[in-house]
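Take a look at the structure below.
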Amino acid sequence: MKTILVTGATGQIGSELTPALRQRYGNDSVIAAGHRKKTDAEISNAGPYCRLDIEDVAALARIVEDYRIDTIIHLASLLSAVAETDPQRAWSVNIDGLFNVLEIARQHACSVFFPSSIGAFGPNTPAFDTPQDTIQRPNTLYGIGKVTGELLCDYYHKRYNLDTRGLRFPGLISYKTPPGGGTTDYAIEIFNAAARWQHYTCYLKPDTQLDMMYMPDAIDAFLQLMTADPKRLIHRNAYNVTAMSFTPEELAAEIRRHIPNFKISYKIDPLRQAIADSWPRHMDDSAARQEWGWQARYDLATMVEDMLEHIAE
């Protein structure tokens with residue numbers, strides 16, 4: 001039986017991954033940890049919950065020891081746009097925090113699952129069908145942190161035989177959690193605006209194409225990689241995974257199929273536009289498909305339909 005610690009459990013991924021893990025492994029076997037004083041009641045009441053500053057390595061060690069953790073899913077981080085406003089803090093949380101996790105995992109023989117991002121790529125990376133293995137020269141602190149994390153996880157696997165695994169996510173879309181300061185947050189904000197006001201002002205240009213994924217697919221990808229046969233894993237860390245690729249204008253057009261009067265306008269945010277312009281348009285996820293059977297369930301049409309249904313509820 002696994003005993004799993006989820007850091008960043010109240011964030012965008014954690015708030016949906018934690019309940020999925022508890023359903024599979026049991027409430028008491030999944031320990032949620034977050035830094036917020038006010039927590040998600042569904043997470044804090046359904047099973048063990050700990051407040052944790054990921055920069056506090058002693059506190060992390062106590063949780064791992066007290067609960068006899070054997071698996072750490074490390075989600076705690078500052079997202080792309082927020083990281084650019086405070087690079088020093090982003091380095092401390094995103095890079096030093098991961099190093100703390102890997103060191104504690106090494107000392108207690110824990111498996112580590114760490115999500116990377118399309119932010120790990122940069123303007124010199126091939127933008128279309130971005131290969132699994134390619135040039136990575138990001139020009140944001142968030143992206144630099146993700147590349148560093150990928151390399152650290154590879155190092156700890158090779159040097160200490162630690163079971164490290166990870167996914168390179170595109171933009172993630174969810175109806176359950178509010179935007180958290182990411183570059184692709186428009187693809188979440190637009191649904192609430194469409195349902196409430198039938199209008200949305202987008203901070204990216206109308207033709208900005210980016211890779212995206214609906215959160216149920218992201219959760220499936222995590223669970224599939226966690227349980228994959230390690231003998232089949234060649235890359236282990238930072239697998240490209242994707243589901244769909246679209247622009248704000250294409251997303252708005254799909255929403256208009258359900259809300260005909262919906263209108264979109266544009267007021268470009270130079271920071272987030274520059275970040276988006278440095279990211280891939282569509283990743284090649286054939287390595288994940290071949291090595292552990294990855295397959296997305298949602299495309300643009302089915303995602304939009306499901307999002308609007310849940311927001312209406």
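Each chain of the structure tokens is named A, B, ... in the order shown, its residues numbered from 1; ligands are numbered from 1 in display order.
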
Inset, instruction - Mind checking which residues fall within 7 Å of Tyr266 of chain A, counting only C-alpha atoms, ignoring those fewer than 2 positions away in the same chain, and posting them as a PyMOL selection string? - result: chain A and resi 201-203+205+264+268

Residues of segment 213-272 of chain A that have any atom at most 7 Å from an atom of segment 147-171 of chain A: could you tabulate them with the shortest-distance atom pair and the distance in Å to one decimal, using only C-alpha atoms, ordered by chain and increasing number, as JSON lines?
{"residue": "A:Met213", "atom": "CA", "partner": "A:Gly171", "partner_atom": "CA", "distance": 6.1}
{"residue": "A:Arg236", "atom": "CA", "partner": "A:Arg165", "partner_atom": "CA", "distance": 4.9}
{"residue": "A:Asn237", "atom": "CA", "partner": "A:Gly166", "partner_atom": "CA", "distance": 4.2}
{"residue": "A:Ala238", "atom": "CA", "partner": "A:Leu167", "partner_atom": "CA", "distance": 4.4}
{"residue": "A:Tyr239", "atom": "CA", "partner": "A:Leu167", "partner_atom": "CA", "distance": 4.6}
{"residue": "A:Asn240", "atom": "CA", "partner": "A:Arg168", "partner_atom": "CA", "distance": 4.8}
{"residue": "A:Val241", "atom": "CA", "partner": "A:Phe169", "partner_atom": "CA", "distance": 5.9}
{"residue": "A:Thr242", "atom": "CA", "partner": "A:Pro170", "partner_atom": "CA", "distance": 6.2}

Would you save the residues from that selection as a tab-separated table (two decimals), in the first residue's frame, using C-alpha atoms?
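So the final result, stored in part_10.tsv, reads:
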chain	number	residue	atom	x	y	z
A	213	MET	CA	-5.13	19.79	-21.88
A	236	ARG	CA	11.19	8.57	-17.03
A	237	ASN	CA	11.07	12.34	-16.48
A	238	ALA	CA	9.44	15.16	-18.45
A	239	TYR	CA	7.34	13.14	-20.89
A	240	ASN	CA	5.63	15.40	-23.42
A	241	VAL	CA	1.85	14.95	-23.07
A	242	THR	CA	-0.78	16.88	-24.97

Inset, instruction - Return the single residue from A:Lys267, A:Phe114, A:Ala9, A:His235 that is closest to Gln290 of chain A, with distances computed using only C-alpha atoms. - result: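 Closest to Gln290 of chain A, using only C-alpha atoms: A:His235.
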
Inset, instruction - Tell me which protein, DNA and RNA residues are within 6 Å of Glu291 of chain A, counting only C-alpha atoms, leaving out same-chain ones fewer than 3 positions away, and put them as a list of chain:residue names. - result: A:Arg232, A:Leu233, A:Ala287, A:Ala288

For N, CA and C atoms, I'd like the residues from the last selection saved as a compact mmCIF listing (two decimals), in the first residue's frame.
# COMPACT_ATOMS: atom_id res chain seq x y z
N ARG A 232 9.67 -0.26 -18.82
CA ARG A 232 9.29 0.32 -20.12
C ARG A 232 9.66 1.80 -20.23
N LEU A 233 10.05 2.40 -19.11
CA LEU A 233 10.29 3.84 -19.08
C LEU A 233 11.72 4.15 -19.51
N ALA A 287 6.56 9.58 -27.37
CA ALA A 287 7.33 8.81 -26.39
C ALA A 287 6.42 8.32 -25.27
N ALA A 288 5.54 9.19 -24.77
CA ALA A 288 4.59 8.79 -23.72
C ALA A 288 3.62 7.73 -24.24

Inset, instruction - Mind listing the strand (DSSP E or B) residues of segment 99-292 of chain A, per DSSP on the backbone, as a VMD selection string? - result: chain A and resid 111 to 113 116 to 117 128 to 130 164 to 165 167 to 169 171 to 173 199 to 202 210 to 214 239 to 240 244 to 246 263 to 266 282 to 283

Output of the above residues as an mmCIF file, in the first residue's frame, restricted to N, CA and C atoms:
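Below is the file that was written, out-v1.cif:
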data_model
loop_
_atom_site.group_PDB
_atom_site.id
_atom_site.type_symbol
_atom_site.label_atom_id
_atom_site.label_comp_id
_atom_site.auth_asym_id
_atom_site.auth_seq_id
_atom_site.Cartn_x
_atom_site.Cartn_y
_atom_site.Cartn_z
ATOM 1 N N SER A 111 9.681 7.425 -3.778
ATOM 2 C CA SER A 111 9.517 7.767 -5.185
ATOM 3 C C SER A 111 9.112 9.235 -5.286
ATOM 4 N N VAL A 112 9.479 9.887 -6.393
ATOM 5 C CA VAL A 112 9.150 11.302 -6.596
ATOM 6 C C VAL A 112 8.517 11.487 -7.969
ATOM 7 N N PHE A 113 7.374 12.176 -7.985
ATOM 8 C CA PHE A 113 6.706 12.539 -9.237
ATOM 9 C C PHE A 113 6.673 14.057 -9.317
ATOM 10 N N SER A 116 6.739 18.831 -15.077
ATOM 11 C CA SER A 116 7.368 19.925 -15.801
ATOM 12 C C SER A 116 6.306 20.590 -16.675
ATOM 13 N N SER A 117 6.721 21.351 -17.673
ATOM 14 C CA SER A 117 5.787 22.204 -18.397
ATOM 15 C C SER A 117 6.342 22.550 -19.776
ATOM 16 N N PHE A 128 6.394 23.443 -33.629
ATOM 17 C CA PHE A 128 5.358 22.489 -34.025
ATOM 18 C C PHE A 128 5.910 21.066 -33.939
ATOM 19 N N ASP A 129 5.072 20.167 -33.363
ATOM 20 C CA ASP A 129 5.514 18.791 -33.114
ATOM 21 C C ASP A 129 6.848 18.784 -32.373
ATOM 22 N N THR A 130 6.902 19.578 -31.315
ATOM 23 C CA THR A 130 8.116 19.712 -30.510
ATOM 24 C C THR A 130 8.589 18.350 -30.029
ATOM 25 N N THR A 164 12.216 8.390 -9.957
ATOM 26 C CA THR A 164 11.686 9.700 -10.299
ATOM 27 C C THR A 164 10.955 9.604 -11.634
ATOM 28 N N ARG A 165 9.787 10.249 -11.718
ATOM 29 C CA ARG A 165 9.000 10.243 -12.945
ATOM 30 C C ARG A 165 8.322 11.606 -13.094
ATOM 31 N N LEU A 167 5.978 14.511 -15.966
ATOM 32 C CA LEU A 167 5.254 14.854 -17.185
ATOM 33 C C LEU A 167 5.568 16.287 -17.569
ATOM 34 N N ARG A 168 5.626 16.535 -18.860
ATOM 35 C CA ARG A 168 5.800 17.899 -19.362
ATOM 36 C C ARG A 168 4.426 18.363 -19.853
ATOM 37 N N PHE A 169 3.709 19.092 -18.969
ATOM 38 C CA PHE A 169 2.321 19.450 -19.255
ATOM 39 C C PHE A 169 2.210 20.655 -20.180
ATOM 40 N N GLY A 171 -0.733 23.812 -21.248
ATOM 41 C CA GLY A 171 -1.646 24.582 -20.414
ATOM 42 C C GLY A 171 -2.784 23.700 -19.929
ATOM 43 N N LEU A 172 -3.153 23.840 -18.660
ATOM 44 C CA LEU A 172 -4.190 22.988 -18.073
ATOM 45 C C LEU A 172 -5.463 23.796 -17.817
ATOM 46 N N ILE A 173 -6.597 23.190 -18.136
ATOM 47 C CA ILE A 173 -7.900 23.847 -18.045
ATOM 48 C C ILE A 173 -8.765 23.095 -17.044
ATOM 49 N N HIS A 199 -19.069 37.961 -22.469
ATOM 50 C CA HIS A 199 -17.972 38.750 -23.026
ATOM 51 C C HIS A 199 -16.701 38.464 -22.245
ATOM 52 N N TYR A 200 -15.572 38.446 -22.950
ATOM 53 C CA TYR A 200 -14.281 38.242 -22.280
ATOM 54 C C TYR A 200 -13.218 39.093 -22.972
ATOM 55 N N THR A 201 -12.377 39.735 -22.175
ATOM 56 C CA THR A 201 -11.239 40.487 -22.690
ATOM 57 C C THR A 201 -9.979 39.660 -22.483
ATOM 58 N N CYS A 202 -9.381 39.236 -23.571
ATOM 59 C CA CYS A 202 -8.245 38.313 -23.528
ATOM 60 C C CYS A 202 -6.928 39.074 -23.538
ATOM 61 N N LEU A 210 -1.471 27.612 -28.635
ATOM 62 C CA LEU A 210 -0.741 26.937 -27.569
ATOM 63 C C LEU A 210 -1.317 25.544 -27.328
ATOM 64 N N ASP A 211 -0.460 24.668 -26.853
ATOM 65 C CA ASP A 211 -0.878 23.332 -26.434
ATOM 66 C C ASP A 211 -1.715 23.429 -25.172
ATOM 67 N N MET A 212 -2.771 22.612 -25.089
ATOM 68 C CA MET A 212 -3.653 22.628 -23.920
ATOM 69 C C MET A 212 -4.099 21.209 -23.563
ATOM 70 N N MET A 213 -4.601 21.073 -22.337
ATOM 71 C CA MET A 213 -5.131 19.790 -21.876
ATOM 72 C C MET A 213 -6.207 20.049 -20.823
ATOM 73 N N TYR A 214 -7.269 19.260 -20.886
ATOM 74 C CA TYR A 214 -8.334 19.328 -19.886
ATOM 75 C C TYR A 214 -7.893 18.553 -18.655
ATOM 76 N N TYR A 239 7.995 13.637 -19.676
ATOM 77 C CA TYR A 239 7.343 13.144 -20.887
ATOM 78 C C TYR A 239 6.436 14.234 -21.464
ATOM 79 N N ASN A 240 6.603 14.549 -22.743
ATOM 80 C CA ASN A 240 5.631 15.397 -23.422
ATOM 81 C C ASN A 240 4.261 14.718 -23.388
ATOM 82 N N MET A 244 -4.735 18.846 -27.135
ATOM 83 C CA MET A 244 -5.319 19.734 -28.145
ATOM 84 C C MET A 244 -4.456 20.976 -28.265
ATOM 85 N N SER A 245 -4.638 21.697 -29.351
ATOM 86 C CA SER A 245 -3.892 22.921 -29.580
ATOM 87 C C SER A 245 -4.818 23.918 -30.259
ATOM 88 N N PHE A 246 -4.937 25.136 -29.682
ATOM 89 C CA PHE A 246 -5.872 26.105 -30.256
ATOM 90 C C PHE A 246 -5.453 27.530 -29.904
ATOM 91 N N LYS A 263 -18.937 37.275 -27.043
ATOM 92 C CA LYS A 263 -17.995 38.109 -27.771
ATOM 93 C C LYS A 263 -16.660 38.135 -27.021
ATOM 94 N N ILE A 264 -15.599 38.244 -27.797
ATOM 95 C CA ILE A 264 -14.264 38.335 -27.210
ATOM 96 C C ILE A 264 -13.563 39.569 -27.757
ATOM 97 N N SER A 265 -12.869 40.285 -26.879
ATOM 98 C CA SER A 265 -12.043 41.411 -27.283
ATOM 99 C C SER A 265 -10.634 41.183 -26.727
ATOM 100 N N TYR A 266 -9.720 42.067 -27.069
ATOM 101 C CA TYR A 266 -8.319 41.809 -26.739
ATOM 102 C C TYR A 266 -7.654 43.057 -26.157
ATOM 103 N N HIS A 282 2.586 23.003 -30.443
ATOM 104 C CA HIS A 282 2.071 21.631 -30.292
ATOM 105 C C HIS A 282 3.248 20.698 -30.071
ATOM 106 N N MET A 283 3.169 19.877 -29.013
ATOM 107 C CA MET A 283 4.249 18.949 -28.683
ATOM 108 C C MET A 283 4.001 17.573 -29.287
#

Legend entry - Contacts of segment 257-259 of chain A at 10 Å (only C-alpha atoms; same-chain gap of 3+ positions) as a ChimeraX atom specification: /A:194-195,198,252-254,262-263,301,304-305,308

Inset, instruction - Considering only C-alpha atoms, state which residue in the set A:Tyr298, A:Thr3, A:Ala81, A:Ile63 is at the smallest distance from Pro270 of chain A. - result: A:Ala81

Legend entry - Pairwise distance for atom CA of Lys2 of chain A and atom CA of Asn100 of chain A, rounded to one decimal in Å: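 The value is 20.9 Å.
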
Inset, instruction - Considering only C-alpha atoms, state which residue in the set A:Pro138, A:Arg256, A:Gly145, A:Thr227 is at the smallest distance from Thr125 of chain A. - result: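 Of all the options, A:Pro138 lies closest to Thr125 of chain A.
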
Legend entry - Residue list (alpha helix (DSSP H), DSSP) for segment 64-239 of chain A, as a ChimeraX atom specification: /A:64-66,80-85,87-90,97-108,141-160,186-197,215-226
